[in-house]
file model-v3.cif (mmCIF, N, CA and C atoms)
data_final
#
loop_
_atom_site.group_PDB
_atom_site.id
_atom_site.type_symbol
_atom_site.label_atom_id
_atom_site.label_comp_id
_atom_site.auth_asym_id
_atom_site.auth_seq_id
_atom_site.Cartn_x
_atom_site.Cartn_y
_atom_site.Cartn_z
ATOM 1 N N MET A 155 -1.653 -21.210 26.355
ATOM 2 C CA MET A 155 -1.384 -19.855 26.814
ATOM 3 C C MET A 155 -0.488 -19.107 25.819
ATOM 4 N N THR A 156 0.489 -19.798 25.263
ATOM 5 C CA THR A 156 1.412 -19.173 24.327
ATOM 6 C C THR A 156 0.699 -18.628 23.102
ATOM 7 N N VAL A 157 -0.307 -19.364 22.602
ATOM 8 C CA VAL A 157 -1.022 -18.916 21.417
ATOM 9 C C VAL A 157 -1.708 -17.572 21.682
ATOM 10 N N TRP A 158 -2.204 -17.385 22.893
ATOM 11 C CA TRP A 158 -2.892 -16.128 23.220
ATOM 12 C C TRP A 158 -1.893 -14.984 23.348
ATOM 13 N N LEU A 159 -0.713 -15.260 23.856
ATOM 14 C CA LEU A 159 0.332 -14.227 23.928
ATOM 15 C C LEU A 159 0.797 -13.836 22.529
ATOM 16 N N LEU A 160 0.950 -14.823 21.668
ATOM 17 C CA LEU A 160 1.327 -14.538 20.278
ATOM 18 C C LEU A 160 0.252 -13.709 19.584
ATOM 19 N N LEU A 161 -1.016 -14.061 19.813
ATOM 20 C CA LEU A 161 -2.110 -13.304 19.211
ATOM 21 C C LEU A 161 -2.133 -11.876 19.753
ATOM 22 N N ALA A 162 -1.909 -11.716 21.045
ATOM 23 C CA ALA A 162 -1.851 -10.370 21.627
ATOM 24 C C ALA A 162 -0.712 -9.566 21.009
ATOM 25 N N GLY A 163 0.428 -10.197 20.806
ATOM 26 C CA GLY A 163 1.549 -9.526 20.153
ATOM 27 C C GLY A 163 1.230 -9.128 18.724
ATOM 28 N N ALA A 164 0.549 -10.018 18.007
ATOM 29 C CA ALA A 164 0.153 -9.718 16.626
ATOM 30 C C ALA A 164 -0.800 -8.535 16.584
ATOM 31 N N ILE A 165 -1.750 -8.524 17.498
ATOM 32 C CA ILE A 165 -2.710 -7.420 17.555
ATOM 33 C C ILE A 165 -2.003 -6.123 17.910
ATOM 34 N N GLY A 166 -1.125 -6.166 18.890
ATOM 35 C CA GLY A 166 -0.383 -4.966 19.287
ATOM 36 C C GLY A 166 0.461 -4.415 18.145
ATOM 37 N N ALA A 167 1.117 -5.313 17.417
ATOM 38 C CA ALA A 167 1.947 -4.870 16.289
ATOM 39 C C ALA A 167 1.088 -4.258 15.189
ATOM 40 N N GLU A 168 -0.078 -4.852 14.942
ATOM 41 C CA GLU A 168 -0.957 -4.346 13.890
ATOM 42 C C GLU A 168 -1.560 -2.992 14.265
ATOM 43 N N VAL A 169 -1.953 -2.846 15.514
ATOM 44 C CA VAL A 169 -2.490 -1.558 15.976
ATOM 45 C C VAL A 169 -1.407 -0.488 15.875
ATOM 46 N N THR A 170 -0.205 -0.815 16.297
ATOM 47 C CA THR A 170 0.911 0.124 16.206
ATOM 48 C C THR A 170 1.154 0.540 14.758
ATOM 49 N N ALA A 171 1.148 -0.444 13.866
ATOM 50 C CA ALA A 171 1.376 -0.146 12.446
ATOM 51 C C ALA A 171 0.269 0.729 11.870
ATOM 52 N N THR A 172 -0.968 0.467 12.254
ATOM 53 C CA THR A 172 -2.086 1.250 11.730
ATOM 54 C C THR A 172 -2.043 2.682 12.229
ATOM 55 N N VAL A 173 -1.721 2.873 13.490
ATOM 56 C CA VAL A 173 -1.583 4.228 14.029
ATOM 57 C C VAL A 173 -0.418 4.943 13.355
ATOM 58 N N ALA A 174 0.673 4.225 13.148
ATOM 59 C CA ALA A 174 1.825 4.816 12.460
ATOM 60 C C ALA A 174 1.490 5.154 11.017
ATOM 61 N N LEU A 175 0.601 4.369 10.398
ATOM 62 C CA LEU A 175 0.180 4.667 9.031
ATOM 63 C C LEU A 175 -0.479 6.046 8.968
ATOM 64 N N ARG A 176 -1.300 6.336 9.945
ATOM 65 C CA ARG A 176 -1.924 7.660 10.010
ATOM 66 C C ARG A 176 -0.854 8.737 10.222
ATOM 67 N N ALA A 177 0.091 8.443 11.097
ATOM 68 C CA ALA A 177 1.152 9.407 11.416
ATOM 69 C C ALA A 177 2.172 9.555 10.293
ATOM 70 N N SER A 178 2.222 8.591 9.363
ATOM 71 C CA SER A 178 3.221 8.635 8.297
ATOM 72 C C SER A 178 2.938 9.719 7.257
ATOM 73 N N ASP A 179 1.723 10.242 7.285
ATOM 74 C CA ASP A 179 1.317 11.311 6.358
ATOM 75 C C ASP A 179 1.602 10.905 4.913
ATOM 76 N N GLY A 180 0.986 9.774 4.532
ATOM 77 C CA GLY A 180 1.152 9.299 3.153
ATOM 78 C C GLY A 180 2.551 8.793 2.861
ATOM 79 N N PHE A 181 3.189 8.196 3.839
ATOM 80 C CA PHE A 181 4.560 7.683 3.747
ATOM 81 C C PHE A 181 5.581 8.789 3.463
ATOM 82 N N SER A 182 5.268 9.992 3.880
ATOM 83 C CA SER A 182 6.219 11.091 3.699
ATOM 84 C C SER A 182 7.117 11.282 4.931
ATOM 85 N N ARG A 183 6.825 10.600 5.998
ATOM 86 C CA ARG A 183 7.651 10.662 7.212
ATOM 87 C C ARG A 183 8.352 9.317 7.381
ATOM 88 N N PRO A 184 9.682 9.295 7.201
ATOM 89 C CA PRO A 184 10.426 8.030 7.167
ATOM 90 C C PRO A 184 10.306 7.174 8.434
ATOM 91 N N LEU A 185 10.390 7.767 9.609
ATOM 92 C CA LEU A 185 10.349 6.967 10.837
ATOM 93 C C LEU A 185 8.979 6.304 10.998
ATOM 94 N N ALA A 186 7.919 7.064 10.837
ATOM 95 C CA ALA A 186 6.576 6.488 10.943
ATOM 96 C C ALA A 186 6.357 5.437 9.857
ATOM 97 N N SER A 187 6.870 5.684 8.669
ATOM 98 C CA SER A 187 6.733 4.724 7.570
ATOM 99 C C SER A 187 7.459 3.416 7.882
ATOM 100 N N ALA A 188 8.622 3.506 8.502
ATOM 101 C CA ALA A 188 9.370 2.309 8.891
ATOM 102 C C ALA A 188 8.606 1.520 9.959
ATOM 103 N N VAL A 189 7.965 2.225 10.878
ATOM 104 C CA VAL A 189 7.149 1.568 11.903
ATOM 105 C C VAL A 189 5.969 0.835 11.258
ATOM 106 N N VAL A 190 5.378 1.437 10.241
ATOM 107 C CA VAL A 190 4.271 0.794 9.518
ATOM 108 C C VAL A 190 4.724 -0.546 8.954
ATOM 109 N N VAL A 191 5.801 -0.535 8.205
ATOM 110 C CA VAL A 191 6.280 -1.753 7.553
ATOM 111 C C VAL A 191 6.675 -2.796 8.595
ATOM 112 N N ALA A 192 7.455 -2.403 9.582
ATOM 113 C CA ALA A 192 7.894 -3.348 10.616
ATOM 114 C C ALA A 192 6.702 -3.893 11.400
ATOM 115 N N GLY A 193 5.747 -3.042 11.690
ATOM 116 C CA GLY A 193 4.575 -3.475 12.453
ATOM 117 C C GLY A 193 3.740 -4.490 11.704
ATOM 118 N N TYR A 194 3.479 -4.238 10.425
ATOM 119 C CA TYR A 194 2.669 -5.186 9.656
ATOM 120 C C TYR A 194 3.410 -6.500 9.425
ATOM 121 N N VAL A 195 4.694 -6.447 9.164
ATOM 122 C CA VAL A 195 5.470 -7.686 8.993
ATOM 123 C C VAL A 195 5.431 -8.499 10.285
ATOM 124 N N THR A 196 5.651 -7.841 11.407
ATOM 125 C CA THR A 196 5.617 -8.520 12.704
ATOM 126 C C THR A 196 4.235 -9.099 12.979
ATOM 127 N N ALA A 197 3.209 -8.304 12.724
ATOM 128 C CA ALA A 197 1.838 -8.742 12.993
ATOM 129 C C ALA A 197 1.499 -10.010 12.209
ATOM 130 N N PHE A 198 1.801 -10.021 10.922
ATOM 131 C CA PHE A 198 1.448 -11.188 10.121
ATOM 132 C C PHE A 198 2.340 -12.382 10.421
ATOM 133 N N PHE A 199 3.586 -12.145 10.792
ATOM 134 C CA PHE A 199 4.438 -13.256 11.217
ATOM 135 C C PHE A 199 3.864 -13.907 12.471
ATOM 136 N N LEU A 200 3.511 -13.075 13.467
ATOM 137 C CA LEU A 200 2.961 -13.620 14.707
ATOM 138 C C LEU A 200 1.615 -14.310 14.467
ATOM 139 N N LEU A 201 0.782 -13.736 13.609
ATOM 140 C CA LEU A 201 -0.489 -14.382 13.286
ATOM 141 C C LEU A 201 -0.242 -15.740 12.624
ATOM 142 N N SER A 202 0.753 -15.831 11.787
ATOM 143 C CA SER A 202 1.055 -17.121 11.155
ATOM 144 C C SER A 202 1.466 -18.154 12.201
ATOM 145 N N ARG A 203 2.167 -17.717 13.241
ATOM 146 C CA ARG A 203 2.565 -18.621 14.335
ATOM 147 C C ARG A 203 1.328 -19.077 15.112
ATOM 148 N N VAL A 204 0.393 -18.154 15.325
ATOM 149 C CA VAL A 204 -0.852 -18.491 16.021
ATOM 150 C C VAL A 204 -1.602 -19.568 15.247
ATOM 151 N N LEU A 205 -1.716 -19.377 13.949
ATOM 152 C CA LEU A 205 -2.440 -20.342 13.114
ATOM 153 C C LEU A 205 -1.701 -21.682 13.056
ATOM 154 N N ALA A 206 -0.380 -21.644 13.017
ATOM 155 C CA ALA A 206 0.410 -22.876 12.998
ATOM 156 C C ALA A 206 0.245 -23.673 14.288
ATOM 157 N N ARG A 207 -0.066 -22.983 15.372
ATOM 158 C CA ARG A 207 -0.267 -23.664 16.662
ATOM 159 C C ARG A 207 -1.692 -24.169 16.844
ATOM 160 N N GLY A 208 -2.527 -23.982 15.821
ATOM 161 C CA GLY A 208 -3.821 -24.635 15.829
ATOM 162 C C GLY A 208 -5.047 -23.797 16.133
ATOM 163 N N LEU A 209 -4.885 -22.510 16.393
ATOM 164 C CA LEU A 209 -6.075 -21.696 16.624
ATOM 165 C C LEU A 209 -6.808 -21.536 15.296
ATOM 166 N N ALA A 210 -8.095 -21.733 15.310
ATOM 167 C CA ALA A 210 -8.892 -21.660 14.089
ATOM 168 C C ALA A 210 -8.783 -20.273 13.455
ATOM 169 N N LEU A 211 -8.723 -20.245 12.136
ATOM 170 C CA LEU A 211 -8.564 -18.992 11.399
ATOM 171 C C LEU A 211 -9.678 -18.006 11.722
ATOM 172 N N GLY A 212 -10.920 -18.463 11.691
ATOM 173 C CA GLY A 212 -12.046 -17.565 11.962
ATOM 174 C C GLY A 212 -12.004 -16.982 13.354
ATOM 175 N N VAL A 213 -11.626 -17.778 14.317
ATOM 176 C CA VAL A 213 -11.535 -17.309 15.696
ATOM 177 C C VAL A 213 -10.379 -16.324 15.841
ATOM 178 N N ALA A 214 -9.212 -16.690 15.333
ATOM 179 C CA ALA A 214 -8.037 -15.816 15.446
ATOM 180 C C ALA A 214 -8.285 -14.478 14.760
ATOM 181 N N TYR A 215 -8.806 -14.526 13.548
ATOM 182 C CA TYR A 215 -9.016 -13.290 12.799
ATOM 183 C C TYR A 215 -10.166 -12.482 13.397
ATOM 184 N N GLY A 216 -11.169 -13.156 13.918
ATOM 185 C CA GLY A 216 -12.272 -12.454 14.564
ATOM 186 C C GLY A 216 -11.824 -11.704 15.800
ATOM 187 N N ILE A 217 -11.047 -12.359 16.622
ATOM 188 C CA ILE A 217 -10.522 -11.702 17.824
ATOM 189 C C ILE A 217 -9.620 -10.544 17.421
ATOM 190 N N TRP A 218 -8.738 -10.796 16.466
ATOM 191 C CA TRP A 218 -7.838 -9.764 15.955
ATOM 192 C C TRP A 218 -8.648 -8.550 15.499
ATOM 193 N N SER A 219 -9.647 -8.792 14.674
ATOM 194 C CA SER A 219 -10.438 -7.702 14.091
ATOM 195 C C SER A 219 -11.181 -6.906 15.148
ATOM 196 N N ALA A 220 -11.809 -7.604 16.078
ATOM 197 C CA ALA A 220 -12.599 -6.918 17.102
ATOM 198 C C ALA A 220 -11.727 -6.032 17.985
ATOM 199 N N ILE A 221 -10.626 -6.575 18.436
ATOM 200 C CA ILE A 221 -9.742 -5.792 19.303
ATOM 201 C C ILE A 221 -9.093 -4.670 18.506
ATOM 202 N N ASP A 222 -8.687 -4.977 17.282
ATOM 203 C CA ASP A 222 -8.043 -3.974 16.437
ATOM 204 C C ASP A 222 -8.966 -2.790 16.159
ATOM 205 N N VAL A 223 -10.178 -3.070 15.723
ATOM 206 C CA VAL A 223 -11.079 -1.970 15.371
ATOM 207 C C VAL A 223 -11.412 -1.138 16.614
ATOM 208 N N THR A 224 -11.529 -1.785 17.744
ATOM 209 C CA THR A 224 -11.806 -1.051 18.987
ATOM 210 C C THR A 224 -10.631 -0.152 19.359
ATOM 211 N N LEU A 225 -9.438 -0.723 19.410
ATOM 212 C CA LEU A 225 -8.267 0.061 19.809
ATOM 213 C C LEU A 225 -7.952 1.177 18.820
ATOM 214 N N VAL A 226 -7.996 0.876 17.535
ATOM 215 C CA VAL A 226 -7.688 1.896 16.529
ATOM 216 C C VAL A 226 -8.721 3.024 16.576
ATOM 217 N N SER A 227 -9.979 2.679 16.779
ATOM 218 C CA SER A 227 -11.018 3.709 16.863
ATOM 219 C C SER A 227 -10.814 4.611 18.074
ATOM 220 N N VAL A 228 -10.529 4.014 19.212
ATOM 221 C CA VAL A 228 -10.315 4.805 20.434
ATOM 222 C C VAL A 228 -9.047 5.645 20.311
ATOM 223 N N ILE A 229 -7.972 5.065 19.815
ATOM 224 C CA ILE A 229 -6.728 5.813 19.638
ATOM 225 C C ILE A 229 -6.930 6.955 18.648
ATOM 226 N N GLY A 230 -7.641 6.689 17.563
ATOM 227 C CA GLY A 230 -7.923 7.742 16.590
ATOM 228 C C GLY A 230 -8.695 8.895 17.216
ATOM 229 N N ALA A 231 -9.652 8.562 18.071
ATOM 230 C CA ALA A 231 -10.446 9.602 18.731
ATOM 231 C C ALA A 231 -9.608 10.384 19.734
ATOM 232 N N VAL A 232 -8.775 9.691 20.494
ATOM 233 C CA VAL A 232 -7.994 10.348 21.548
ATOM 234 C C VAL A 232 -6.803 11.112 20.985
ATOM 235 N N TRP A 233 -6.021 10.486 20.103
ATOM 236 C CA TRP A 233 -4.783 11.096 19.616
ATOM 237 C C TRP A 233 -4.959 11.992 18.401
ATOM 238 N N PHE A 234 -5.904 11.622 17.535
ATOM 239 C CA PHE A 234 -6.037 12.353 16.274
ATOM 240 C C PHE A 234 -7.319 13.174 16.174
ATOM 241 N N GLY A 235 -8.133 13.131 17.218
ATOM 242 C CA GLY A 235 -9.364 13.909 17.216
ATOM 243 C C GLY A 235 -10.431 13.377 16.275
ATOM 244 N N ASP A 236 -10.333 12.102 15.878
ATOM 245 C CA ASP A 236 -11.361 11.510 15.030
ATOM 246 C C ASP A 236 -12.673 11.446 15.799
ATOM 247 N N ARG A 237 -13.751 11.672 15.092
ATOM 248 C CA ARG A 237 -15.062 11.638 15.717
ATOM 249 C C ARG A 237 -15.511 10.187 15.839
ATOM 250 N N LEU A 238 -16.062 9.835 16.985
ATOM 251 C CA LEU A 238 -16.583 8.499 17.222
ATOM 252 C C LEU A 238 -18.053 8.642 17.611
ATOM 253 N N THR A 239 -18.956 8.296 16.687
ATOM 254 C CA THR A 239 -20.389 8.473 16.924
ATOM 255 C C THR A 239 -20.960 7.293 17.707
ATOM 256 N N TRP A 240 -22.173 7.487 18.207
ATOM 257 C CA TRP A 240 -22.846 6.406 18.918
ATOM 258 C C TRP A 240 -23.092 5.217 17.991
ATOM 259 N N ALA A 241 -23.374 5.485 16.739
ATOM 260 C CA ALA A 241 -23.569 4.390 15.777
ATOM 261 C C ALA A 241 -22.281 3.589 15.618
ATOM 262 N N GLN A 242 -21.153 4.268 15.573
ATOM 263 C CA GLN A 242 -19.872 3.568 15.462
ATOM 264 C C GLN A 242 -19.575 2.766 16.720
ATOM 265 N N ILE A 243 -19.882 3.330 17.868
ATOM 266 C CA ILE A 243 -19.687 2.606 19.126
ATOM 267 C C ILE A 243 -20.571 1.363 19.152
ATOM 268 N N GLY A 244 -21.803 1.505 18.679
ATOM 269 C CA GLY A 244 -22.691 0.345 18.583
ATOM 270 C C GLY A 244 -22.147 -0.706 17.635
ATOM 271 N N GLY A 245 -21.570 -0.266 16.523
ATOM 272 C CA GLY A 245 -20.963 -1.198 15.576
ATOM 273 C C GLY A 245 -19.806 -1.959 16.187
ATOM 274 N N ILE A 246 -18.991 -1.266 16.959
ATOM 275 C CA ILE A 246 -17.879 -1.933 17.645
ATOM 276 C C ILE A 246 -18.415 -2.984 18.605
ATOM 277 N N ALA A 247 -19.483 -2.659 19.321
ATOM 278 C CA ALA A 247 -20.094 -3.623 20.249
ATOM 279 C C ALA A 247 -20.627 -4.837 19.487
ATOM 280 N N LEU A 248 -21.209 -4.614 18.312
ATOM 281 C CA LEU A 248 -21.712 -5.728 17.511
ATOM 282 C C LEU A 248 -20.580 -6.620 17.012
ATOM 283 N N VAL A 249 -19.460 -6.020 16.637
ATOM 284 C CA VAL A 249 -18.296 -6.808 16.218
ATOM 285 C C VAL A 249 -17.817 -7.674 17.383
ATOM 286 N N ALA A 250 -17.732 -7.076 18.561
ATOM 287 C CA ALA A 250 -17.305 -7.826 19.744
ATOM 288 C C ALA A 250 -18.275 -8.968 20.041
ATOM 289 N N ALA A 251 -19.567 -8.717 19.900
ATOM 290 C CA ALA A 251 -20.565 -9.764 20.126
ATOM 291 C C ALA A 251 -20.405 -10.891 19.108
ATOM 292 N N GLY A 252 -20.105 -10.544 17.870
ATOM 293 C CA GLY A 252 -19.883 -11.556 16.851
ATOM 294 C C GLY A 252 -18.689 -12.432 17.149
ATOM 295 N N VAL A 253 -17.622 -11.838 17.629
ATOM 296 C CA VAL A 253 -16.429 -12.604 17.981
ATOM 297 C C VAL A 253 -16.728 -13.520 19.162
ATOM 298 N N LEU A 254 -17.482 -13.002 20.125
ATOM 299 C CA LEU A 254 -17.867 -13.836 21.273
ATOM 300 C C LEU A 254 -18.682 -15.042 20.786
ATOM 301 N N ALA A 255 -19.589 -14.824 19.844
ATOM 302 C CA ALA A 255 -20.389 -15.916 19.292
ATOM 303 C C ALA A 255 -19.490 -16.938 18.579
ATOM 304 N N LEU A 256 -18.486 -16.470 17.851
ATOM 305 C CA LEU A 256 -17.537 -17.391 17.220
ATOM 306 C C LEU A 256 -16.823 -18.244 18.258
ATOM 307 N N GLU A 257 -16.353 -17.605 19.305
ATOM 308 C CA GLU A 257 -15.610 -18.304 20.340
ATOM 309 C C GLU A 257 -16.509 -19.303 21.082
ATOM 310 N N LEU A 258 -17.707 -18.873 21.419
ATOM 311 C CA LEU A 258 -18.624 -19.776 22.133
ATOM 312 C C LEU A 258 -19.055 -20.932 21.233
ATOM 313 N N GLY A 259 -19.221 -20.666 19.970
ATOM 314 C CA GLY A 259 -19.578 -21.727 19.034
ATOM 315 C C GLY A 259 -18.487 -22.760 18.878
ATOM 316 N N ARG A 260 -17.258 -22.332 19.022
ATOM 317 C CA ARG A 260 -16.113 -23.247 18.910
ATOM 318 C C ARG A 260 -16.083 -24.215 20.075
ATOM 319 N N ALA A 261 -16.532 -23.770 21.250
ATOM 320 C CA ALA A 261 -16.458 -24.591 22.448
ATOM 321 C C ALA A 261 -17.460 -25.740 22.429
ATOM 322 N N HIS A 262 -18.453 -25.675 21.549
ATOM 323 C CA HIS A 262 -19.499 -26.714 21.569
ATOM 324 C C HIS A 262 -19.390 -27.640 20.403
#

call {"tool": "encode", "arguments": {"input": "model-v3.cif", "output": "structure tokens"}}
result
Amino acid sequence: MTVWLLLAGAIGAEVTATVALRASDGFSRPLASAVVVAGYVTAFFLLSRVLARGLALGVAYGIWSAIDVTLVSVIGAVWFGDRLTWAQIGGIALVAAGVLALELGRAH
């Protein structure tokens, strides 16, 4: 259970850092820029803990990527007015399906 909480924390920190990267306006805004650096450092530290506890790299990174791309895309659309096309939504679904296949393949 702890490994999943650590992975969730890593994903949350990475999503926060990525959103702050957009808000940093090319690192010209100090507070947002500090959030970027702190978020990425935290994210990779927590991911390293997840891997040290034995979760397979492909599974951990796949889950991270799928959730990250989904959350960042939705946040970008809601907060920043980024356009999200049906093709992009389909791509997100395909990424999620790929991660599910990785996870199911691990169980067998």

call {"tool": "residues_around", "arguments": {"input": "model-v3.cif", "residues": "stretch 209-223 of chain A", "least_positions_apart": "4", "cutoff": "7 Å", "atoms": "all atoms listed in the file", "output": "PyMOL selection string"}}
result
chain A and resi 165+168-169+204-205+227-228+246+249-250+252-253+256-257

call {"tool": "select_by_dssp", "arguments": {"input": "model-v3.cif", "residues": "stretch 173-246 of chain A", "states": "helix (DSSP H, G or I)", "output": "PyMOL selection string"}}
result
chain A and resi 173-177+184-206+211-233+240-246

call {"tool": "residues_near_point", "arguments": {"input": "model-v3.cif", "point": "(5.3, -0.6, 13.4)", "cutoff": "5 Å", "atoms": "all atoms listed in the file", "output": "mmCIF file with N, CA and C atoms, in the coordinates of the input"}}
result
data_model
loop_
_atom_site.group_PDB
_atom_site.id
_atom_site.type_symbol
_atom_site.label_atom_id
_atom_site.label_comp_id
_atom_site.auth_asym_id
_atom_site.auth_seq_id
_atom_site.Cartn_x
_atom_site.Cartn_y
_atom_site.Cartn_z
ATOM 1 N N THR A 170 -0.205 -0.815 16.297
ATOM 2 C CA THR A 170 0.911 0.124 16.206
ATOM 3 C C THR A 170 1.154 0.540 14.758
ATOM 4 N N ALA A 171 1.148 -0.444 13.866
ATOM 5 C CA ALA A 171 1.376 -0.146 12.446
ATOM 6 C C ALA A 171 0.269 0.729 11.870
ATOM 7 N N VAL A 189 7.965 2.225 10.878
ATOM 8 C CA VAL A 189 7.149 1.568 11.903
ATOM 9 C C VAL A 189 5.969 0.835 11.258
ATOM 10 N N VAL A 190 5.378 1.437 10.241
ATOM 11 C CA VAL A 190 4.271 0.794 9.518
ATOM 12 C C VAL A 190 4.724 -0.546 8.954
ATOM 13 N N ALA A 192 7.455 -2.403 9.582
ATOM 14 C CA ALA A 192 7.894 -3.348 10.616
ATOM 15 C C ALA A 192 6.702 -3.893 11.400
ATOM 16 N N GLY A 193 5.747 -3.042 11.690
ATOM 17 C CA GLY A 193 4.575 -3.475 12.453
ATOM 18 C C GLY A 193 3.740 -4.490 11.704
#

call {"tool": "atom_distance", "arguments": {"input": "model-v3.cif", "atom1": "atom CA of A:Val173", "atom2": "atom CA of A:Leu159"}}
result
21.0 Å

call {"tool": "axis_aligned_box", "arguments": {"input": "model-v3.cif", "around": "stretch 239-245 of chain A", "padding_each_side": "3 Å", "output": "lines of an AutoDock Vina configuration file"}}
result
center_x = -21.3
center_y = 3.3
center_z = 17.3
size_x = 10.6
size_y = 16.4
size_z = 9.7

call {"tool": "closest_residue", "arguments": {"input": "model-v3.cif", "among": "A:Ala186, A:Ala174, A:Leu248, A:Gly208", "to": "A:Phe234", "atoms": "only C-alpha atoms"}}
result
A:Ala174

call {"tool": "atom_distance", "arguments": {"input": "model-v3.cif", "atom1": "atom CA of A:Phe181", "atom2": "atom CA of A:Leu238"}}
result
25.1 Å

call {"tool": "closest_residue", "arguments": {"input": "model-v3.cif", "among": "A:Thr224, A:Thr156, A:Thr172, A:Gln242", "to": "A:Ala197", "atoms": "only C-alpha atoms"}}
result
A:Thr172

call {"tool": "atom_distance", "arguments": {"input": "model-v3.cif", "atom1": "atom CA of A:Gly230", "atom2": "atom CA of A:Pro184"}}
result
20.6 Å

call {"tool": "residues_around", "arguments": {"input": "model-v3.cif", "residues": "A:Thr196", "least_positions_apart": "5", "cutoff": "9 Å", "atoms": "only C-alpha atoms", "output": "ChimeraX atom specification"}}
result
/A:163-164,167-168,191,201

call {"tool": "decode", "arguments": {"input": "model-v3.cif", "residues": "stretch 227-233 of chain A", "atoms": "all heavy atoms", "output": "PDB file, in the first residue's frame"}}
result
ATOM      1  N   SER A 227      -3.300  17.422 -19.182  1.00  0.00           N
ATOM      2  CA  SER A 227      -4.140  17.806 -20.319  1.00  0.00           C
ATOM      3  C   SER A 227      -5.451  18.434 -19.860  1.00  0.00           C
ATOM      4  O   SER A 227      -5.880  19.462 -20.393  1.00  0.00           O
ATOM      5  CB  SER A 227      -4.432  16.587 -21.201  1.00  0.00           C
ATOM      6  OG  SER A 227      -3.258  16.091 -21.763  1.00  0.00           O
ATOM      7  N   VAL A 228      -6.085  17.822 -18.881  1.00  0.00           N
ATOM      8  CA  VAL A 228      -7.358  18.355 -18.371  1.00  0.00           C
ATOM      9  C   VAL A 228      -7.135  19.696 -17.676  1.00  0.00           C
ATOM     10  O   VAL A 228      -7.884  20.653 -17.895  1.00  0.00           O
ATOM     11  CB  VAL A 228      -8.037  17.336 -17.434  1.00  0.00           C
ATOM     12  CG1 VAL A 228      -9.217  17.963 -16.708  1.00  0.00           C
ATOM     13  CG2 VAL A 228      -8.483  16.112 -18.226  1.00  0.00           C
ATOM     14  N   ILE A 229      -6.108  19.797 -16.856  1.00  0.00           N
ATOM     15  CA  ILE A 229      -5.812  21.058 -16.177  1.00  0.00           C
ATOM     16  C   ILE A 229      -5.487  22.147 -17.193  1.00  0.00           C
ATOM     17  O   ILE A 229      -5.948  23.285 -17.065  1.00  0.00           O
ATOM     18  CB  ILE A 229      -4.664  20.883 -15.152  1.00  0.00           C
ATOM     19  CG1 ILE A 229      -5.149  20.024 -13.977  1.00  0.00           C
ATOM     20  CG2 ILE A 229      -4.150  22.236 -14.658  1.00  0.00           C
ATOM     21  CD1 ILE A 229      -4.040  19.554 -13.050  1.00  0.00           C
ATOM     22  N   GLY A 230      -4.710  21.807 -18.210  1.00  0.00           N
ATOM     23  CA  GLY A 230      -4.394  22.778 -19.254  1.00  0.00           C
ATOM     24  C   GLY A 230      -5.649  23.284 -19.951  1.00  0.00           C
ATOM     25  O   GLY A 230      -5.774  24.476 -20.247  1.00  0.00           O
ATOM     26  N   ALA A 231      -6.583  22.377 -20.205  1.00  0.00           N
ATOM     27  CA  ALA A 231      -7.831  22.769 -20.867  1.00  0.00           C
ATOM     28  C   ALA A 231      -8.694  23.631 -19.954  1.00  0.00           C
ATOM     29  O   ALA A 231      -9.258  24.643 -20.391  1.00  0.00           O
ATOM     30  CB  ALA A 231      -8.604  21.525 -21.303  1.00  0.00           C
ATOM     31  N   VAL A 232      -8.776  23.269 -18.684  1.00  0.00           N
ATOM     32  CA  VAL A 232      -9.654  23.986 -17.752  1.00  0.00           C
ATOM     33  C   VAL A 232      -9.054  25.313 -17.309  1.00  0.00           C
ATOM     34  O   VAL A 232      -9.718  26.351 -17.337  1.00  0.00           O
ATOM     35  CB  VAL A 232      -9.972  23.097 -16.523  1.00  0.00           C
ATOM     36  CG1 VAL A 232     -10.698  23.876 -15.444  1.00  0.00           C
ATOM     37  CG2 VAL A 232     -10.803  21.890 -16.955  1.00  0.00           C
ATOM     38  N   TRP A 233      -7.784  25.317 -16.898  1.00  0.00           N
ATOM     39  CA  TRP A 233      -7.172  26.519 -16.329  1.00  0.00           C
ATOM     40  C   TRP A 233      -6.551  27.454 -17.353  1.00  0.00           C
ATOM     41  O   TRP A 233      -6.542  28.663 -17.162  1.00  0.00           O
ATOM     42  CB  TRP A 233      -6.108  26.151 -15.317  1.00  0.00           C
ATOM     43  CG  TRP A 233      -6.650  25.626 -14.015  1.00  0.00           C
ATOM     44  CD1 TRP A 233      -7.962  25.446 -13.690  1.00  0.00           C
ATOM     45  CD2 TRP A 233      -5.898  25.214 -12.888  1.00  0.00           C
ATOM     46  NE1 TRP A 233      -8.054  24.928 -12.432  1.00  0.00           N
ATOM     47  CE2 TRP A 233      -6.807  24.787 -11.909  1.00  0.00           C
ATOM     48  CE3 TRP A 233      -4.544  25.164 -12.619  1.00  0.00           C
ATOM     49  CZ2 TRP A 233      -6.397  24.322 -10.678  1.00  0.00           C
ATOM     50  CZ3 TRP A 233      -4.133  24.692 -11.389  1.00  0.00           C
ATOM     51  CH2 TRP A 233      -5.062  24.279 -10.427  1.00  0.00           C
TER      52      TRP A 233
END
